[in-house]
Amino acid sequence: MSEEKISKCMYEIKGRSFYQKQLVLGQLELLVDLLKDVELEKGLTNLGILKTLGGKMPRAMAIVLFEEGSKIEKIEVEENWKTIEVQEIKKQTEFFANNVNIVLALKVITDFFVCTPMTEIMQTLASLIPETQTPVQEPRPF
């Protein structure tokens with residue numbers, strides 16, 4: 001397996017350092033839950049994404065950003081394999097809601113697609129499904 005280059009984007013917010021990197025499965029689960037009722041139209045700009053997310057942006061940031069030097073995980077797995085969001089996300093949501101301006105929020109959205117290359121992920125998933133690799137053939141006449 002080849003070594004992959006991992007992008008890491010850094011942010012300074014009110015004297016605290018945060019970073020964003022490629023999503024892990026726990027973060028993905030939390031984002032899917034957060035965005036389940038959100039419709040993102042094809043071709044949206046980053047400003048359009050910010051407008052669509054609206055009040056969900058601080059929580060999205062709390063899910064995707066890590067505080068430098070912190071060992072806090074984003075989810076905990078209970079005995080029955082149910083995942084729960086850690087309390088820290090709630091605290092960070094409030095912090096981001098009160099301290100992040102629109103310019104920084106747009107940068108976080110832009111960097112999200114740098115750190116987690118969705119096109120590459122979708123292409124990889126498509127290559128794992130044989131039906132997407134072969135064209136549909138017309139039925140042969142008898």
# chains A, B, ... in the order shown; residues from 1 in each chain; ligands from 1
call {"tool": "residues_around", "arguments": {"residues": "Ser70 in chain A", "least_positions_apart": "5", "cutoff": "12 Å", "atoms": "only C-alpha atoms", "output": "VMD selection string"}}
result
chain A and resid 16 to 19 65 88
call {"tool": "closest_residue", "arguments": {"among": "A:Val64, A:Val24, A:Met57, A:Val86", "to": "Phe112 in chain A", "atoms": "only C-alpha atoms"}}
result
A:Val64
call {"tool": "residues_around", "arguments": {"residues": "range 34-49 of chain A", "least_positions_apart": "5", "cutoff": "7 Å", "atoms": "only C-alpha atoms", "output": "PDB file with C-alpha atoms, in the first residue's frame"}}
result
ATOM      1  CA  LEU A 106     -15.991  29.762   4.836  1.00  0.00           C
ATOM      2  CA  ILE A 109     -15.757  24.655   4.567  1.00  0.00           C
ATOM      3  CA  THR A 110     -13.129  25.135   1.849  1.00  0.00           C
TER       4      THR A 110
END
call {"tool": "select_by_dssp", "arguments": {"residues": "range 29-98 of chain A", "states": "strand (DSSP E or B)", "output": "PyMOL selection string"}}
result
chain A and resi 65-67+75-77+83-85
call {"tool": "closest_residue", "arguments": {"among": "A:Ile89, A:Cys9, A:Met61, A:Leu53", "to": "Lys21 in chain A", "atoms": "only C-alpha atoms"}}
result
A:Cys9
call {"tool": "residues_around", "arguments": {"residues": "Pro58 in chain A", "least_positions_apart": "3", "cutoff": "6 Å", "atoms": "only C-alpha atoms", "output": "mmCIF file with C-alpha atoms, in the first residue's frame"}}
result
data_model
loop_
_atom_site.group_PDB
_atom_site.id
_atom_site.type_symbol
_atom_site.label_atom_id
_atom_site.label_comp_id
_atom_site.auth_asym_id
_atom_site.auth_seq_id
_atom_site.Cartn_x
_atom_site.Cartn_y
_atom_site.Cartn_z
ATOM 1 C CA MET A 61 -17.183 22.704 13.190
ATOM 2 C CA THR A 93 -20.347 24.165 19.517
ATOM 3 C CA PHE A 96 -17.569 28.325 17.819
ATOM 4 C CA ALA A 97 -21.036 29.924 17.730
#
call {"tool": "atom_distance", "arguments": {"atom1": "CA of Glu94 in chain A", "atom2": "CA of Leu23 in chain A"}}
result
21.4 Å
